[in-house]
Every structure is written in C-alpha cells, then in structure tokens.
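Enquirer: Below is one structure. I have some questions about it.
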Amino acid sequence: MSQDHPNETEKTEAQEARPFIRETVIQEEKRTPFWKKLVLTLFLGLVFGAVAAVSAYFTHRFLPGGEETTTTPYAGVSFQTDVDPEQASTEAPYETQPTQEPAETREPNELDAMIDARINAHNLEIKDFRRMYSVLSSLTTTVSRSLVTVTATNEEQDWFQTDYQFDTKTFGVIVAITSQEVLIAAPAAPTAQLSEDSSLKVTFANLITADAYTKATDSICGIAVLAVPVANLSAGTVNSIAELQLGNSYACTTGQPVFAMGSPAGYIKSIRYGILSFVETGHSTVDNTIRVLHTDISGDENSAGILVNSEGYLIGWIDPDLLIGGCLSAVGISDLKSYLENLTNGISNGYLGIEGVSVTAEMAREFGLEGDGGVFITRCVEDSPAQNAGLQSGDILIRISEQPVTDMNDLRTRLLSMNTEQTVKVTVLRQSRKVYQELTFDVKIERR
C-alpha cells in the first residue's frame, strides 16, 4: 500500500499540470445594411459599364476596318424573270452608312456576312408562298388544256369462253390540230394490242369524250399518235383545247424547274414539280443517241407523262425504263421531233436495230481506218433486221445504199427517210487479224 501512494500523487500532479479548455466570447461585428450593398453594387456596375462602352467605341472607331455601318432591311419579295446579268452584278445588296467598300475589296467572310444578312432580311409570309403556287397552278392549268385521257377497251374470253371487256387508261397530249384532225401523242402500250372489236376513246379537258383511231405507232420510242376527226367535235370543244408547243430540249440545263404532267404519280392528271438534276448527253439507244433529262421528281415503273418547262413548252417524254434512283427521267423532245413528224403524217419510222457510237477522228486513228466517220456498233438488238442480216457488235457501219454514214445522227436521218419493208445494202468494216475488211449485207428495213 505504501508503494501505491507515490503513483497516485504523481497522477494527480500530471492532471493538474494539463491546461484547461478555455472559452473566449467574441462580440458580434456590426453588419452593413443590405440596401447599402445593393447601392454599392449598382454604382460599381455603372462605372464598369461606362468604361467598357467608351473603350469599345474608341477601339471600333479608330482601329482599321472598324467603320460603323447600319443595315437597311430588304423590304418585300419580288418575282422577276430575264434579269440583266450586268444590272444584277451592279446592284448593291443593301444600303450602308457611311460609304461601303467595293465588293471586290471585301474579305470573303465579310461577303458571306452580307449575304446572310440579305437572306435573314427576307421575312417570307404565307402570302408569298400562295403567290408562288398560284403562278405554278396557272401554268399547269394552261397546259392541261392540251392533255387528254385515252381509254382503250379490249374484249377477251375467260376460261369458260365467256366474253368480257376491260379498260386500259393512259394519258395523251395534243401535239397538232389541223383542219381535219386532232393529233394526240400517247404511250404505245395500251393501243398495241387492240383488236377489231376493241374501241379507243379520248376524253378532253372539258370532259367531252370522242372516238379515236391509231394513226401510227413507234414501239421503239414507245409513242403512238392517235387522231380524232374534227368533224366529230363541237365548236365549244375545239375552242377549249390547244396543242402543246414542242420546246428545245438541247437548251435544257441542270437546275432549271420542270413540271411532270400526264400520270407521273401513276394515275391520270397527276402533277409533280421539281428540277433537272442532270442532263445526260450521248445516251445510246436503238438507231440513235439521245439526250436524257434526269429530274429529282420521285416516280416508279408505273409513272408516265411529259416534262414541261417554266415557259409551258413540252421538253421531254418520260420513260420508266430510264428511271434512276427512284427519280423520273425523260427523253429530250428534240430527239423525238423527227419521229413524231412522221407519225403525225401516218408514216412509219424505219428500223435497223443497232446501238452504237459515232466514230471520231481519234477512234479512226486508233483502229487504223482510212476515211472519216462511221458508226461503231456496240450491240445488235435480238431478232432485229441488223442481226438477222448478219451484222455484229464490233462492226463499223460506213454506208447504206452506197451513201456514206458519218455518225449516229446521220444514221437516224437516213432511216427516217426510208420506206419500211424495203431492202437496202449496208456496208460495214469488220476486223480480221487486226485488219478491217469491208463487208456488204442485204438488210430489210422494218417498221419500228
């Protein structure tokens, strides 16, 4: 026990030596009223804002390219045609204060900004769209006077030997009105299988229906010309219709607006708008090379009709076989005028049955040929007069009936001037052991 007392004494002294936790009471500082802080903040904001505004003004005013400009918004929308390019290039996009720099000295990004400002200033309203579509509707209404509905009624027998009739409808377009007849171009397919007991009727824009007959057909172009005697029509009907003028498809350019009419959507009297997305030249077809007008107008294998330009002229004949990417394509009407002229006069077009390309001077040198021109045959159509006579792909056609053929256009002209069912001498060059030999074949020209 005597040994424990010194330890307890030491513990007590250690505890007494440890400092106590002491509390110091600090008096609360005097807070600044809220309204004084708000006033001070507003004052400092005004000071900083004024300094920034003065700095920005002097920087914008005196540094290079810092002229102050004000833009006058473009007021209203106007529609015009035949704009003079020189006047269009000299007109200022908008007014500026003070005098602005010439356009050619501006930086590209500044020009882009000016263009964006001009576009943004055009606040189009619904009335502007109504006006635009009113103009389009007026044009299509005028063209519709030249469009007709063709109805071919065929008679057949079913398995039980019972007679029945069925109608095939398609579109047609009036291409000529003479003192005797109204001449209508229409797809050839509905009229190709007409029998003696079948009938053919045409319904005009005023809903008057009249009997028609087939004047001539071109199965290669896929066009038939129908005729309605003027004597069978009333004066009111004759005055309500009009022939559609044929335009110049060689003048067509990419981007121009076009209208698809007839049955572009697969049903009669449908209409679709679009542009020419691509104009293809030198497209090889049977006995000809054509210009194809590709559009951005949607279509399918049931689409048919015509292309009309913004001036109301017929510029293309829609061909479902030329459909690309689900968009309509048409044969340029300038390549069909000669065929249509023959058909409207009841003349059948001559058929040889080849596809080819014109022989250029460079091709002639490559082939080692003497003389100018010719047609290099790339394909003979199956069971065509050319194939049946012995012509082959790879031959170079140089003469028909001892008259030279220089290119595909020359070949088309020669065939159009020939009577069908006649036999002509066709001279070709055929390669044999790297040497071209001249061969002559008797070919019977048939009706297309």
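The way I read the labels, and the way they are meant: chains A, B, ... in the order of the structure tokens, residue 1 as the first residue of every chain, and ligand 1 as the first ligand shown, with later ones counted on from there.
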Could you build a table of the residues in stretch 171-236 of chain A lying no more than 12 Å from stretch 294-315 of chain A, giving for each the nearest pair of atoms and their separation in Å rounded to one decimal place, using only C-alpha atoms, ordered by chain and ascending residue number, as JSON lines?

Expert:
```
{"residue": "A:Phe171", "atom": "CA", "partner": "A:Gly305", "partner_atom": "CA", "distance": 7.0}
{"residue": "A:Gly172", "atom": "CA", "partner": "A:Gly305", "partner_atom": "CA", "distance": 8.1}
{"residue": "A:Val173", "atom": "CA", "partner": "A:Ile306", "partner_atom": "CA", "distance": 8.5}
{"residue": "A:Ile174", "atom": "CA", "partner": "A:Leu314", "partner_atom": "CA", "distance": 10.7}
{"residue": "A:Val175", "atom": "CA", "partner": "A:Leu314", "partner_atom": "CA", "distance": 9.4}
{"residue": "A:Ala185", "atom": "CA", "partner": "A:Gly305", "partner_atom": "CA", "distance": 10.4}
{"residue": "A:Ala186", "atom": "CA", "partner": "A:Gly305", "partner_atom": "CA", "distance": 8.7}
{"residue": "A:Pro187", "atom": "CA", "partner": "A:Ala304", "partner_atom": "CA", "distance": 8.1}
{"residue": "A:Ala188", "atom": "CA", "partner": "A:Ala304", "partner_atom": "CA", "distance": 11.5}
{"residue": "A:Ala189", "atom": "CA", "partner": "A:Ala304", "partner_atom": "CA", "distance": 11.5}
{"residue": "A:Gly222", "atom": "CA", "partner": "A:Ala304", "partner_atom": "CA", "distance": 10.9}
{"residue": "A:Ile223", "atom": "CA", "partner": "A:Gly305", "partner_atom": "CA", "distance": 11.1}
```

Enquirer: For stretch 247-304 of chain A versus stretch 359-381 of chain A, which residues have an atom no more than 12 Å away, and what is each residue's nearest atom pair and distance in Å rounded to one decimal, using only C-alpha atoms, chain-then-number order, as a Markdown table?

Expert:
```
| residue | atom | partner | partner_atom | distance |
| --- | --- | --- | --- | --- |
| A:Ser284 | CA | A:Thr378 | CA | 9.3 |
| A:Thr285 | CA | A:Arg379 | CA | 9.8 |
| A:Val286 | CA | A:Val381 | CA | 7.9 |
| A:Asp287 | CA | A:Cys380 | CA | 9.9 |
| A:Asn288 | CA | A:Val375 | CA | 10.4 |
| A:Thr289 | CA | A:Val375 | CA | 11.2 |
```

Enquirer: Restrict the selected residues to N, CA and C atoms and save them as a PDB file, in the first residue's frame.

Expert:
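File result08.pdb, as written:
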```
ATOM      1  N   SER A 284     -26.809   6.220-125.582  1.00  0.00           N
ATOM      2  CA  SER A 284     -27.009   5.319-126.720  1.00  0.00           C
ATOM      3  C   SER A 284     -28.338   4.590-126.603  1.00  0.00           C
ATOM      4  N   THR A 285     -29.098   4.616-127.696  1.00  0.00           N
ATOM      5  CA  THR A 285     -30.351   3.869-127.769  1.00  0.00           C
ATOM      6  C   THR A 285     -30.463   3.288-129.174  1.00  0.00           C
ATOM      7  N   VAL A 286     -31.556   2.612-129.461  1.00  0.00           N
ATOM      8  CA  VAL A 286     -31.682   1.900-130.737  1.00  0.00           C
ATOM      9  C   VAL A 286     -31.706   2.889-131.898  1.00  0.00           C
ATOM     10  N   ASP A 287     -30.748   2.738-132.819  1.00  0.00           N
ATOM     11  CA  ASP A 287     -30.642   3.546-134.043  1.00  0.00           C
ATOM     12  C   ASP A 287     -30.509   5.040-133.777  1.00  0.00           C
ATOM     13  N   ASN A 288     -30.043   5.407-132.576  1.00  0.00           N
ATOM     14  CA  ASN A 288     -29.997   6.833-132.251  1.00  0.00           C
ATOM     15  C   ASN A 288     -29.161   7.049-130.998  1.00  0.00           C
ATOM     16  N   THR A 289     -28.732   8.276-130.787  1.00  0.00           N
ATOM     17  CA  THR A 289     -28.208   8.720-129.496  1.00  0.00           C
ATOM     18  C   THR A 289     -29.087   9.876-129.044  1.00  0.00           C
TER      19      THR A 289
END
```

Enquirer: Taking the DSSP assignment computed from this structure's backbone, write out as a ChimeraX atom specification all residues of stretch 250-428 of chain A that belong to helix (DSSP H, G or I).

Expert: /A:250-251,320-322,333-335,337-344,361-367,385-389,408-416

Enquirer: Excluding A:Thr254 and any residue of its chain fewer than 2 positions from it, enumerate the residues within 10 Å of it, using only C-alpha atoms, and give them as an MDAnalysis selection string.

Expert: chainID A and resid 252 256:257 275:280 293:295

Enquirer: If you count only C-alpha atoms, which residues fall within 12 Å of A:Leu233, apart from same-chain ones fewer than 5 positions away, as a ChimeraX atom specification?

Expert: /A:179-182,202-204,206,208-212,228,238-241

Enquirer: Those same residues - C-alpha atoms - I'd like them written as an mmCIF file, in the first residue's frame.

Expert:
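So result.cif came out as:
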```
data_model
loop_
_atom_site.group_PDB
_atom_site.id
_atom_site.type_symbol
_atom_site.label_atom_id
_atom_site.label_comp_id
_atom_site.auth_asym_id
_atom_site.auth_seq_id
_atom_site.Cartn_x
_atom_site.Cartn_y
_atom_site.Cartn_z
ATOM 1 C CA SER A 179 -58.460 21.372 -140.194
ATOM 2 C CA GLN A 180 -59.248 17.658 -140.335
ATOM 3 C CA GLU A 181 -57.886 16.052 -137.178
ATOM 4 C CA VAL A 182 -56.781 16.500 -133.602
ATOM 5 C CA VAL A 202 -60.297 10.202 -125.896
ATOM 6 C CA THR A 203 -61.640 12.434 -123.126
ATOM 7 C CA PHE A 204 -60.679 16.089 -123.459
ATOM 8 C CA ASN A 206 -63.795 19.750 -120.873
ATOM 9 C CA ILE A 208 -66.168 15.524 -123.642
ATOM 10 C CA THR A 209 -65.380 12.035 -124.966
ATOM 11 C CA ALA A 210 -64.875 11.207 -128.643
ATOM 12 C CA ASP A 211 -63.893 8.144 -130.679
ATOM 13 C CA ALA A 212 -60.276 7.991 -131.855
ATOM 14 C CA VAL A 228 -59.806 12.391 -133.567
ATOM 15 C CA VAL A 238 -62.424 22.686 -130.347
ATOM 16 C CA ASN A 239 -62.169 26.111 -128.711
ATOM 17 C CA SER A 240 -61.486 24.614 -125.272
ATOM 18 C CA ILE A 241 -58.435 22.586 -126.349
#
```

Enquirer: Can you tell me how far atom CA of A:Leu352 sits from atom CA of A:Thr440, in Å to one decimal?

Expert: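 Value for the atom CA of A:Leu352-atom CA of A:Thr440 distance: 14.7 Å.
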
Enquirer: Which of these residues is nearest to A:Phe259, using only C-alpha atoms: A:Gln437, A:Val143, A:Ser134, A:Ile445?

Expert: A:Val143
